[in-house]
file input-v6.cif (mmCIF, C-alpha atoms)
data_work
#
loop_
_atom_site.label_atom_id
_atom_site.label_comp_id
_atom_site.auth_asym_id
_atom_site.auth_seq_id
_atom_site.Cartn_x
_atom_site.Cartn_y
_atom_site.Cartn_z
CA MET A 1 -20.80 -7.92 11.38
CA THR A 2 -17.09 -7.64 12.00
CA ILE A 3 -14.61 -6.34 9.46
CA SER A 4 -10.97 -7.23 10.03
CA LEU A 5 -7.50 -6.62 8.73
CA GLU A 6 -6.11 -10.04 9.58
CA LYS A 7 -2.37 -9.43 9.41
CA ARG A 8 -2.60 -6.18 11.36
CA GLY A 9 -4.95 -7.75 13.94
CA VAL A 10 -7.47 -4.89 13.76
CA SER A 11 -11.26 -5.26 13.66
CA CYS A 12 -14.30 -3.05 13.76
CA THR A 13 -18.00 -3.71 14.13
CA ALA A 14 -20.55 -2.62 11.53
CA GLU A 15 -24.31 -2.45 11.84
CA LEU A 16 -26.36 -3.53 8.82
CA LEU A 17 -28.73 -0.91 7.44
CA ASP A 18 -31.64 -3.31 6.92
CA LYS A 19 -34.22 -0.55 6.42
CA ASP A 20 -32.15 1.42 3.89
CA ALA A 21 -30.60 -1.44 1.88
CA PRO A 22 -32.57 -4.62 2.67
CA ARG A 23 -31.69 -6.53 -0.52
CA THR A 24 -27.98 -5.76 -0.23
CA CYS A 25 -27.94 -6.64 3.47
CA ASP A 26 -29.63 -9.97 2.71
CA VAL A 27 -27.22 -11.04 -0.05
CA VAL A 28 -24.14 -10.02 1.94
CA TRP A 29 -25.34 -11.59 5.21
CA ASP A 30 -26.21 -14.86 3.48
CA ALA A 31 -22.75 -15.00 1.86
CA LEU A 32 -20.63 -14.28 4.97
CA PRO A 33 -17.82 -14.84 5.64
CA GLN A 34 -16.27 -13.03 2.68
CA GLY A 35 -12.86 -11.54 2.19
CA GLY A 36 -9.79 -11.25 0.10
CA GLU A 37 -6.56 -9.47 -0.54
CA ILE A 38 -6.83 -5.84 0.50
CA TYR A 39 -6.40 -2.92 -1.86
CA HIS A 40 -6.31 0.78 -1.11
CA ALA A 41 -8.21 3.01 -3.54
CA LYS A 42 -6.26 5.22 -5.91
CA TYR A 43 -8.96 7.74 -6.74
CA ALA A 44 -11.77 7.47 -4.18
CA ARG A 45 -9.36 8.55 -1.45
CA ASN A 46 -9.95 6.95 1.98
CA GLU A 47 -11.17 3.52 0.91
CA VAL A 48 -9.94 -0.03 1.30
CA TYR A 49 -11.61 -2.94 -0.43
CA ALA A 50 -11.49 -6.60 -1.36
CA MET A 51 -12.65 -8.01 -4.68
CA VAL A 52 -14.54 -11.29 -4.41
CA PRO A 53 -16.38 -13.49 -6.91
CA ARG A 54 -20.07 -12.77 -7.28
CA PHE A 55 -22.01 -14.58 -4.58
CA ALA A 56 -25.67 -13.57 -4.98
CA ALA A 57 -28.09 -15.69 -6.98
CA GLU A 58 -29.60 -12.37 -8.05
CA GLU A 59 -27.85 -9.02 -7.73
CA PRO A 60 -29.63 -6.64 -5.33
CA GLY A 61 -29.61 -3.72 -7.75
CA GLN A 62 -29.10 -0.17 -6.64
CA GLU A 63 -30.36 0.84 -3.20
CA ASN A 64 -29.19 3.47 -0.75
CA PRO A 65 -26.62 4.59 -3.33
CA THR A 66 -23.87 7.13 -2.85
CA VAL A 67 -21.00 8.66 -4.78
CA THR A 68 -19.81 10.58 -1.71
CA PRO A 69 -19.30 8.01 1.06
CA ILE A 70 -18.54 9.22 4.56
CA PRO A 71 -16.27 7.75 7.23
CA GLY A 72 -17.71 4.47 8.47
CA ASP A 73 -19.70 3.66 5.32
CA VAL A 74 -19.57 0.01 4.26
CA VAL A 75 -20.32 -0.18 0.55
CA TYR A 76 -21.18 -2.90 -1.99
CA PHE A 77 -20.24 -2.51 -5.64
CA SER A 78 -21.08 -4.97 -8.40
CA PHE A 79 -18.88 -4.74 -11.48
CA ASN A 80 -19.50 -6.69 -14.65
CA GLY A 81 -16.40 -7.94 -16.42
CA GLY A 82 -16.58 -5.31 -19.15
CA MET A 83 -16.47 -2.40 -16.72
CA LEU A 84 -13.04 -3.18 -15.35
CA ASP A 85 -9.80 -2.48 -17.20
CA ARG A 86 -8.00 -5.59 -18.51
CA ARG A 87 -4.74 -4.75 -16.76
CA PHE A 88 -6.58 -4.10 -13.48
CA LYS A 89 -8.33 -7.49 -13.73
CA GLU A 90 -5.08 -9.28 -14.55
CA GLU A 91 -3.22 -7.54 -11.71
CA LYS A 92 -5.87 -8.64 -9.21
CA GLY A 93 -6.22 -12.17 -10.63
CA ILE A 94 -9.90 -11.74 -11.47
CA ASP A 95 -9.61 -11.67 -15.26
CA HIS A 96 -11.29 -15.10 -15.57
CA LEU A 97 -14.47 -13.96 -13.77
CA PRO A 98 -17.57 -12.58 -15.57
CA GLY A 99 -17.86 -9.94 -12.86
CA VAL A 100 -16.86 -9.23 -9.28
CA ILE A 101 -18.14 -7.77 -6.06
CA ASP A 102 -16.13 -5.01 -4.43
CA LEU A 103 -16.67 -4.93 -0.65
CA ALA A 104 -15.36 -1.60 0.61
CA ILE A 105 -15.07 0.46 3.74
CA PHE A 106 -14.47 4.19 3.91
CA TYR A 107 -12.39 5.40 6.82
CA GLY A 108 -11.93 9.12 6.25
CA ARG A 109 -13.57 12.21 4.75
CA ASN A 110 -13.67 13.74 1.28
CA ASN A 111 -14.30 10.62 -0.79
CA LEU A 112 -15.60 10.88 -4.33
CA LEU A 113 -16.57 7.86 -6.44
CA LEU A 114 -15.56 9.19 -9.83
CA ASN A 115 -13.61 6.95 -12.19
CA GLY A 116 -11.82 8.65 -15.08
CA ASP A 117 -12.65 5.76 -17.43
CA VAL A 118 -16.37 5.35 -16.77
CA GLY A 119 -17.58 8.34 -14.74
CA TRP A 120 -19.61 8.17 -11.54
CA VAL A 121 -19.56 4.81 -9.74
CA PRO A 122 -22.38 4.67 -7.19
CA GLY A 123 -22.25 2.00 -4.54
CA ASN A 124 -24.82 0.63 -2.11
CA VAL A 125 -24.25 1.74 1.49
CA TYR A 126 -25.48 -1.32 3.38
CA ALA A 127 -23.77 -0.94 6.77
CA THR A 128 -22.08 1.59 8.99
CA ILE A 129 -19.13 1.09 11.32
CA VAL A 130 -20.36 1.59 14.88
CA ASP A 131 -17.32 0.53 16.89
CA GLY A 132 -13.59 0.65 16.17
CA LEU A 133 -13.52 3.11 13.28
CA ASP A 134 -10.60 5.00 14.84
CA ARG A 135 -8.43 1.85 15.07
CA MET A 136 -9.51 0.70 11.61
CA ALA A 137 -8.78 4.13 10.10
CA GLU A 138 -5.26 4.09 11.52
CA ALA A 139 -4.65 0.59 10.12
CA CYS A 140 -6.15 1.51 6.73
CA ASN A 141 -3.91 4.57 6.55
CA ASP A 142 -0.99 2.23 7.23
CA VAL A 143 -2.12 0.13 4.24
CA TRP A 144 -1.84 3.34 2.18
CA ARG A 145 1.62 4.20 3.54
CA SER A 146 3.17 0.75 3.98
CA GLY A 147 1.27 -1.35 1.45
CA GLY A 148 -1.22 -4.16 1.62
CA VAL A 149 0.86 -7.12 0.48
CA GLY A 150 -0.11 -10.13 2.57
CA GLU A 151 -3.05 -8.34 4.20
CA ARG A 152 -6.63 -9.58 3.95
CA LEU A 153 -9.85 -7.65 4.47
CA VAL A 154 -12.42 -10.06 5.94
CA TYR A 155 -16.12 -9.66 6.69
CA ARG A 156 -17.76 -12.04 9.19
CA ARG A 157 -21.06 -12.42 10.97
CA LEU A 158 -21.25 -11.12 14.49
CA GLU A 159 -23.95 -13.25 16.04
CA GLY A 160 -25.64 -11.51 18.76
#
call {"tool": "encode", "arguments": {"input": "input-v6.cif", "output": "structure tokens"}}
result
Amino acid sequence: MTISLEKRGVSCTAELLDKDAPRTCDVVWDALPQGGEIYHAKYARNEVYAMVPRFAAEEPGQENPTVTPIPGDVVYFSFNGGMLDRRFKEEKGIDHLPGVIDLAIFYGRNNLLLNGDVGWVPGNVYATIVDGLDRMAEACNDVWRSGGVGERLVYRRLEG
């Protein structure tokens, strides 16, 4: 699959981890393309993500989980509406949804998925970036420094 920052014109290629996270790979693949406004993590460190409405008929559940993602990890989080802070949901325009999917990539080291409100937040590692991580990391760092207004993080099938 390809993952792109549309405004910055940067893409990378990720390989699905079908053997490690088959259910998550299936629900994501069947729902592509997906994307939305980009956000840079406040606490997890080197992470960018897009929040999208739930798209799976049945959530995949936890598989290949991590709380310490490494550079190149592509991670799926499913948040029910009650887990997210009201102000956060309003700020992101998702307050009307019963829950959301957070599609994230990690572009640098020393990430820790610990939320001060709820504790550990494991996510499903369902893909790994195999080409273009260096370019994507530079662009993601620019999102951190310059902001993400007007930028979209988009996931698409790479037919092969």
call {"tool": "resolve_selection", "arguments": {"input": "input-v6.cif", "expression": "the PyMOL selection byres ((chain A and resi 17-30) around 6)", "output": "list of chain:residue names"}}
result
A:Leu16, A:Ala31, A:Leu32, A:Ala56, A:Pro60, A:Glu63, A:Asn64, A:Tyr126, A:Ala127
call {"tool": "closest_residue", "arguments": {"input": "input-v6.cif", "among": "A:Gly123, A:Asn46, A:Gly9, A:Pro98", "to": "Tyr76 of chain A", "atoms": "all atoms listed in the file"}}
result
A:Gly123
call {"tool": "closest_residue", "arguments": {"input": "input-v6.cif", "among": "A:Ala137, A:Val118, A:Tyr107, A:Glu151", "to": "Arg45 of chain A", "atoms": "all atoms listed in the file"}}
result
A:Tyr107
call {"tool": "residues_around", "arguments": {"input": "input-v6.cif", "residues": "Gly36 of chain A", "least_positions_apart": "4", "cutoff": "9 Å", "atoms": "only C-alpha atoms", "output": "MDAnalysis selection string"}}
result
chainID A and resid 49:52 151:154
call {"tool": "closest_residue", "arguments": {"input": "input-v6.cif", "among": "A:Gly119, A:Gly72, A:Pro65, A:Pro33", "to": "Thr13 of chain A", "atoms": "only C-alpha atoms"}}
result
A:Gly72
call {"tool": "resolve_selection", "arguments": {"input": "input-v6.cif", "expression": "the PyMOL selection byres ((chain A and resi 135) around 12)", "output": "PyMOL selection string"}}
result
chain A and resi 3-5+8-13+72+107-108+129-134+136-142
call {"tool": "write_last_selection", "arguments": {"input": "input-v6.cif", "atoms": "C-alpha atoms", "output": "short mmCIF file (atom, residue, chain, number, x, y, z; two decimals), keeping the file's coordinate frame"}}
result
data_model
loop_
_atom_site.label_atom_id
_atom_site.label_comp_id
_atom_site.auth_asym_id
_atom_site.auth_seq_id
_atom_site.Cartn_x
_atom_site.Cartn_y
_atom_site.Cartn_z
CA ILE A 3 -14.61 -6.34 9.46
CA SER A 4 -10.97 -7.23 10.03
CA LEU A 5 -7.50 -6.62 8.73
CA ARG A 8 -2.60 -6.18 11.36
CA GLY A 9 -4.95 -7.75 13.94
CA VAL A 10 -7.47 -4.89 13.76
CA SER A 11 -11.26 -5.26 13.66
CA CYS A 12 -14.30 -3.05 13.76
CA THR A 13 -18.00 -3.71 14.13
CA GLY A 72 -17.71 4.47 8.47
CA TYR A 107 -12.39 5.40 6.82
CA GLY A 108 -11.93 9.12 6.25
CA ILE A 129 -19.13 1.09 11.32
CA VAL A 130 -20.36 1.59 14.88
CA ASP A 131 -17.32 0.53 16.89
CA GLY A 132 -13.59 0.65 16.17
CA LEU A 133 -13.52 3.11 13.28
CA ASP A 134 -10.60 5.00 14.84
CA MET A 136 -9.51 0.70 11.61
CA ALA A 137 -8.78 4.13 10.10
CA GLU A 138 -5.26 4.09 11.52
CA ALA A 139 -4.65 0.59 10.12
CA CYS A 140 -6.15 1.51 6.73
CA ASN A 141 -3.91 4.57 6.55
CA ASP A 142 -0.99 2.23 7.23
#
call {"tool": "residues_around", "arguments": {"input": "input-v6.cif", "residues": "Val121 of chain A", "least_positions_apart": "4", "cutoff": "12 Å", "atoms": "all atoms listed in the file", "output": "JSON, numbers by chain"}}
result
{"A": [43, 44, 62, 65, 66, 67, 68, 69, 75, 76, 77, 78, 79, 83, 84, 102, 111, 112, 113, 114, 115, 116, 117]}
call {"tool": "residues_around", "arguments": {"input": "input-v6.cif", "residues": "Val74 of chain A", "least_positions_apart": "2", "cutoff": "6 Å", "atoms": "all atoms listed in the file", "output": "PyMOL selection string"}}
result
chain A and resi 104-105+125+127-128
call {"tool": "write_last_selection", "arguments": {"input": "input-v6.cif", "atoms": "C-alpha atoms", "output": "PDB file, in the coordinates of the input"}}
result
ATOM      1  CA  ALA A 104     -15.360  -1.600   0.610  1.00  0.00           C
ATOM      2  CA  ILE A 105     -15.070   0.460   3.740  1.00  0.00           C
ATOM      3  CA  VAL A 125     -24.250   1.740   1.490  1.00  0.00           C
ATOM      4  CA  ALA A 127     -23.770  -0.940   6.770  1.00  0.00           C
ATOM      5  CA  THR A 128     -22.080   1.590   8.990  1.00  0.00           C
TER       6      THR A 128
END
call {"tool": "atom_distance", "arguments": {"input": "input-v6.cif", "atom1": "atom CA of His96 of chain A", "atom2": "atom CA of Val48 of chain A"}}
result
22.7 Å
call {"tool": "atom_distance", "arguments": {"input": "input-v6.cif", "atom1": "atom CA of Asp95 of chain A", "atom2": "atom CA of Gly81 of chain A"}}
result
7.8 Å
call {"tool": "atom_distance", "arguments": {"input": "input-v6.cif", "atom1": "atom CA of Ala57 of chain A", "atom2": "atom CA of Leu103 of chain A"}}
result
16.9 Å
call {"tool": "residues_around", "arguments": {"input": "input-v6.cif", "residues": "Glu159 of chain A", "least_positions_apart": "3", "cutoff": "10 Å", "atoms": "all atoms listed in the file", "output": "MDAnalysis selection string"}}
result
chainID A and resid 1:2 156
call {"tool": "closest_residue", "arguments": {"input": "input-v6.cif", "among": "A:Glu37, A:Glu6, A:Glu15, A:Glu90", "to": "Asp73 of chain A", "atoms": "only C-alpha atoms"}}
result
A:Glu15
call {"tool": "decode", "arguments": {"input": "input-v6.cif", "residues": "segment 85-120 of chain A", "atoms": "N, CA, C and O atoms", "output": "PDB file, in the first residue's frame"}}
result
ATOM      1  N   ASP A  85     -11.337  12.157  24.821  1.00  0.00           N
ATOM      2  CA  ASP A  85     -11.730  13.378  25.508  1.00  0.00           C
ATOM      3  C   ASP A  85     -12.690  14.208  24.649  1.00  0.00           C
ATOM      4  O   ASP A  85     -12.505  14.329  23.446  1.00  0.00           O
ATOM      5  N   ARG A  86     -13.713  14.782  25.273  1.00  0.00           N
ATOM      6  CA  ARG A  86     -14.719  15.577  24.563  1.00  0.00           C
ATOM      7  C   ARG A  86     -14.086  16.690  23.743  1.00  0.00           C
ATOM      8  O   ARG A  86     -14.407  16.887  22.568  1.00  0.00           O
ATOM      9  N   ARG A  87     -13.187  17.429  24.333  1.00  0.00           N
ATOM     10  CA  ARG A  87     -12.554  18.548  23.625  1.00  0.00           C
ATOM     11  C   ARG A  87     -11.753  18.054  22.420  1.00  0.00           C
ATOM     12  O   ARG A  87     -11.782  18.653  21.355  1.00  0.00           O
ATOM     13  N   PHE A  88     -11.049  16.935  22.591  1.00  0.00           N
ATOM     14  CA  PHE A  88     -10.292  16.325  21.502  1.00  0.00           C
ATOM     15  C   PHE A  88     -11.234  15.960  20.349  1.00  0.00           C
ATOM     16  O   PHE A  88     -10.960  16.262  19.184  1.00  0.00           O
ATOM     17  N   LYS A  89     -12.366  15.330  20.680  1.00  0.00           N
ATOM     18  CA  LYS A  89     -13.324  14.921  19.641  1.00  0.00           C
ATOM     19  C   LYS A  89     -13.912  16.140  18.938  1.00  0.00           C
ATOM     20  O   LYS A  89     -14.063  16.139  17.718  1.00  0.00           O
ATOM     21  N   GLU A  90     -14.242  17.171  19.694  1.00  0.00           N
ATOM     22  CA  GLU A  90     -14.789  18.384  19.085  1.00  0.00           C
ATOM     23  C   GLU A  90     -13.773  19.062  18.185  1.00  0.00           C
ATOM     24  O   GLU A  90     -14.089  19.488  17.077  1.00  0.00           O
ATOM     25  N   GLU A  91     -12.521  19.141  18.646  1.00  0.00           N
ATOM     26  CA  GLU A  91     -11.445  19.776  17.887  1.00  0.00           C
ATOM     27  C   GLU A  91     -11.229  19.076  16.541  1.00  0.00           C
ATOM     28  O   GLU A  91     -10.961  19.706  15.529  1.00  0.00           O
ATOM     29  N   LYS A  92     -11.384  17.769  16.533  1.00  0.00           N
ATOM     30  CA  LYS A  92     -11.136  16.992  15.319  1.00  0.00           C
ATOM     31  C   LYS A  92     -12.404  16.745  14.508  1.00  0.00           C
ATOM     32  O   LYS A  92     -12.359  16.097  13.462  1.00  0.00           O
ATOM     33  N   GLY A  93     -13.551  17.248  14.987  1.00  0.00           N
ATOM     34  CA  GLY A  93     -14.801  17.105  14.253  1.00  0.00           C
ATOM     35  C   GLY A  93     -15.335  15.684  14.226  1.00  0.00           C
ATOM     36  O   GLY A  93     -16.038  15.297  13.285  1.00  0.00           O
ATOM     37  N   ILE A  94     -15.013  14.905  15.251  1.00  0.00           N
ATOM     38  CA  ILE A  94     -15.470  13.515  15.284  1.00  0.00           C
ATOM     39  C   ILE A  94     -16.404  13.260  16.468  1.00  0.00           C
ATOM     40  O   ILE A  94     -16.702  12.114  16.788  1.00  0.00           O
ATOM     41  N   ASP A  95     -16.885  14.321  17.091  1.00  0.00           N
ATOM     42  CA  ASP A  95     -17.695  14.182  18.290  1.00  0.00           C
ATOM     43  C   ASP A  95     -19.042  13.519  18.033  1.00  0.00           C
ATOM     44  O   ASP A  95     -19.672  13.014  18.947  1.00  0.00           O
ATOM     45  N   HIS A  96     -19.499  13.482  16.797  1.00  0.00           N
ATOM     46  CA  HIS A  96     -20.785  12.860  16.462  1.00  0.00           C
ATOM     47  C   HIS A  96     -20.670  11.362  16.205  1.00  0.00           C
ATOM     48  O   HIS A  96     -21.670  10.676  16.077  1.00  0.00           O
ATOM     49  N   LEU A  97     -19.441  10.828  16.157  1.00  0.00           N
ATOM     50  CA  LEU A  97     -19.229   9.417  15.836  1.00  0.00           C
ATOM     51  C   LEU A  97     -19.195   8.557  17.100  1.00  0.00           C
ATOM     52  O   LEU A  97     -18.698   8.989  18.128  1.00  0.00           O
ATOM     53  N   PRO A  98     -19.691   7.304  17.015  1.00  0.00           N
ATOM     54  CA  PRO A  98     -19.658   6.413  18.183  1.00  0.00           C
ATOM     55  C   PRO A  98     -18.259   5.903  18.493  1.00  0.00           C
ATOM     56  O   PRO A  98     -17.985   5.398  19.574  1.00  0.00           O
ATOM     57  N   GLY A  99     -17.372   6.033  17.539  1.00  0.00           N
ATOM     58  CA  GLY A  99     -15.991   5.607  17.700  1.00  0.00           C
ATOM     59  C   GLY A  99     -15.240   5.941  16.429  1.00  0.00           C
ATOM     60  O   GLY A  99     -15.845   6.306  15.421  1.00  0.00           O
ATOM     61  N   VAL A 100     -13.921   5.838  16.466  1.00  0.00           N
ATOM     62  CA  VAL A 100     -13.109   6.168  15.299  1.00  0.00           C
ATOM     63  C   VAL A 100     -11.957   5.188  15.174  1.00  0.00           C
ATOM     64  O   VAL A 100     -11.583   4.505  16.124  1.00  0.00           O
ATOM     65  N   ILE A 101     -11.390   5.184  13.985  1.00  0.00           N
ATOM     66  CA  ILE A 101     -10.178   4.433  13.711  1.00  0.00           C
ATOM     67  C   ILE A 101      -9.059   5.456  13.534  1.00  0.00           C
ATOM     68  O   ILE A 101      -9.203   6.451  12.837  1.00  0.00           O
ATOM     69  N   ASP A 102      -7.964   5.189  14.170  1.00  0.00           N
ATOM     70  CA  ASP A 102      -6.758   6.007  14.080  1.00  0.00           C
ATOM     71  C   ASP A 102      -5.772   5.199  13.245  1.00  0.00           C
ATOM     72  O   ASP A 102      -5.357   4.109  13.652  1.00  0.00           O
ATOM     73  N   LEU A 103      -5.439   5.713  12.064  1.00  0.00           N
ATOM     74  CA  LEU A 103      -4.459   5.079  11.184  1.00  0.00           C
ATOM     75  C   LEU A 103      -3.168   5.869  11.308  1.00  0.00           C
ATOM     76  O   LEU A 103      -3.122   7.040  10.938  1.00  0.00           O
ATOM     77  N   ALA A 104      -2.137   5.231  11.842  1.00  0.00           N
ATOM     78  CA  ALA A 104      -0.917   5.950  12.216  1.00  0.00           C
ATOM     79  C   ALA A 104       0.318   5.339  11.582  1.00  0.00           C
ATOM     80  O   ALA A 104       0.367   4.136  11.309  1.00  0.00           O
ATOM     81  N   ILE A 105       1.309   6.205  11.388  1.00  0.00           N
ATOM     82  CA  ILE A 105       2.644   5.725  11.034  1.00  0.00           C
ATOM     83  C   ILE A 105       3.628   6.319  12.037  1.00  0.00           C
ATOM     84  O   ILE A 105       3.435   7.416  12.547  1.00  0.00           O
ATOM     85  N   PHE A 106       4.675   5.553  12.279  1.00  0.00           N
ATOM     86  CA  PHE A 106       5.737   5.975  13.188  1.00  0.00           C
ATOM     87  C   PHE A 106       7.002   6.128  12.368  1.00  0.00           C
ATOM     88  O   PHE A 106       7.380   5.235  11.619  1.00  0.00           O
ATOM     89  N   TYR A 107       7.636   7.284  12.495  1.00  0.00           N
ATOM     90  CA  TYR A 107       8.738   7.616  11.597  1.00  0.00           C
ATOM     91  C   TYR A 107      10.078   7.787  12.300  1.00  0.00           C
ATOM     92  O   TYR A 107      11.091   8.046  11.651  1.00  0.00           O
ATOM     93  N   GLY A 108      10.112   7.658  13.589  1.00  0.00           N
ATOM     94  CA  GLY A 108      11.360   7.807  14.334  1.00  0.00           C
ATOM     95  C   GLY A 108      11.371   6.892  15.540  1.00  0.00           C
ATOM     96  O   GLY A 108      10.407   6.158  15.790  1.00  0.00           O
ATOM     97  N   ARG A 109      12.437   6.929  16.316  1.00  0.00           N
ATOM     98  CA  ARG A 109      12.635   6.060  17.465  1.00  0.00           C
ATOM     99  C   ARG A 109      12.010   6.633  18.736  1.00  0.00           C
ATOM    100  O   ARG A 109      11.561   7.754  18.774  1.00  0.00           O
ATOM    101  N   ASN A 110      12.047   5.799  19.778  1.00  0.00           N
ATOM    102  CA  ASN A 110      11.693   6.192  21.141  1.00  0.00           C
ATOM    103  C   ASN A 110      10.236   6.598  21.305  1.00  0.00           C
ATOM    104  O   ASN A 110       9.920   7.587  21.961  1.00  0.00           O
ATOM    105  N   ASN A 111       9.348   5.819  20.731  1.00  0.00           N
ATOM    106  CA  ASN A 111       7.911   6.058  20.851  1.00  0.00           C
ATOM    107  C   ASN A 111       7.358   5.231  22.007  1.00  0.00           C
ATOM    108  O   ASN A 111       7.788   4.110  22.249  1.00  0.00           O
ATOM    109  N   LEU A 112       6.393   5.799  22.701  1.00  0.00           N
ATOM    110  CA  LEU A 112       5.778   5.110  23.823  1.00  0.00           C
ATOM    111  C   LEU A 112       4.291   5.447  23.824  1.00  0.00           C
ATOM    112  O   LEU A 112       3.926   6.624  23.913  1.00  0.00           O
ATOM    113  N   LEU A 113       3.453   4.433  23.734  1.00  0.00           N
ATOM    114  CA  LEU A 113       2.007   4.642  23.637  1.00  0.00           C
ATOM    115  C   LEU A 113       1.373   4.631  25.023  1.00  0.00           C
ATOM    116  O   LEU A 113       0.679   3.704  25.422  1.00  0.00           O
ATOM    117  N   LEU A 114       1.623   5.707  25.735  1.00  0.00           N
ATOM    118  CA  LEU A 114       1.105   5.876  27.091  1.00  0.00           C
ATOM    119  C   LEU A 114       0.333   7.186  27.137  1.00  0.00           C
ATOM    120  O   LEU A 114       0.887   8.247  26.887  1.00  0.00           O
ATOM    121  N   ASN A 115      -0.953   7.087  27.438  1.00  0.00           N
ATOM    122  CA  ASN A 115      -1.828   8.249  27.510  1.00  0.00           C
ATOM    123  C   ASN A 115      -2.087   8.554  28.979  1.00  0.00           C
ATOM    124  O   ASN A 115      -2.528   7.666  29.725  1.00  0.00           O
ATOM    125  N   GLY A 116      -1.850   9.784  29.383  1.00  0.00           N
ATOM    126  CA  GLY A 116      -2.018  10.172  30.779  1.00  0.00           C
ATOM    127  C   GLY A 116      -3.426   9.995  31.308  1.00  0.00           C
ATOM    128  O   GLY A 116      -3.623   9.840  32.507  1.00  0.00           O
ATOM    129  N   ASP A 117      -4.431  10.004  30.432  1.00  0.00           N
ATOM    130  CA  ASP A 117      -5.823   9.851  30.868  1.00  0.00           C
ATOM    131  C   ASP A 117      -6.237   8.397  31.051  1.00  0.00           C
ATOM    132  O   ASP A 117      -7.023   8.079  31.933  1.00  0.00           O
ATOM    133  N   VAL A 118      -5.739   7.519  30.182  1.00  0.00           N
ATOM    134  CA  VAL A 118      -6.240   6.136  30.186  1.00  0.00           C
ATOM    135  C   VAL A 118      -5.169   5.073  30.365  1.00  0.00           C
ATOM    136  O   VAL A 118      -5.476   3.900  30.496  1.00  0.00           O
ATOM    137  N   GLY A 119      -3.899   5.438  30.323  1.00  0.00           N
ATOM    138  CA  GLY A 119      -2.830   4.458  30.482  1.00  0.00           C
ATOM    139  C   GLY A 119      -2.293   3.975  29.148  1.00  0.00           C
ATOM    140  O   GLY A 119      -2.264   4.718  28.170  1.00  0.00           O
ATOM    141  N   TRP A 120      -1.864   2.714  29.129  1.00  0.00           N
ATOM    142  CA  TRP A 120      -1.280   2.131  27.917  1.00  0.00           C
ATOM    143  C   TRP A 120      -2.322   2.038  26.815  1.00  0.00           C
ATOM    144  O   TRP A 120      -3.465   1.684  27.059  1.00  0.00           O
TER     145      TRP A 120
END
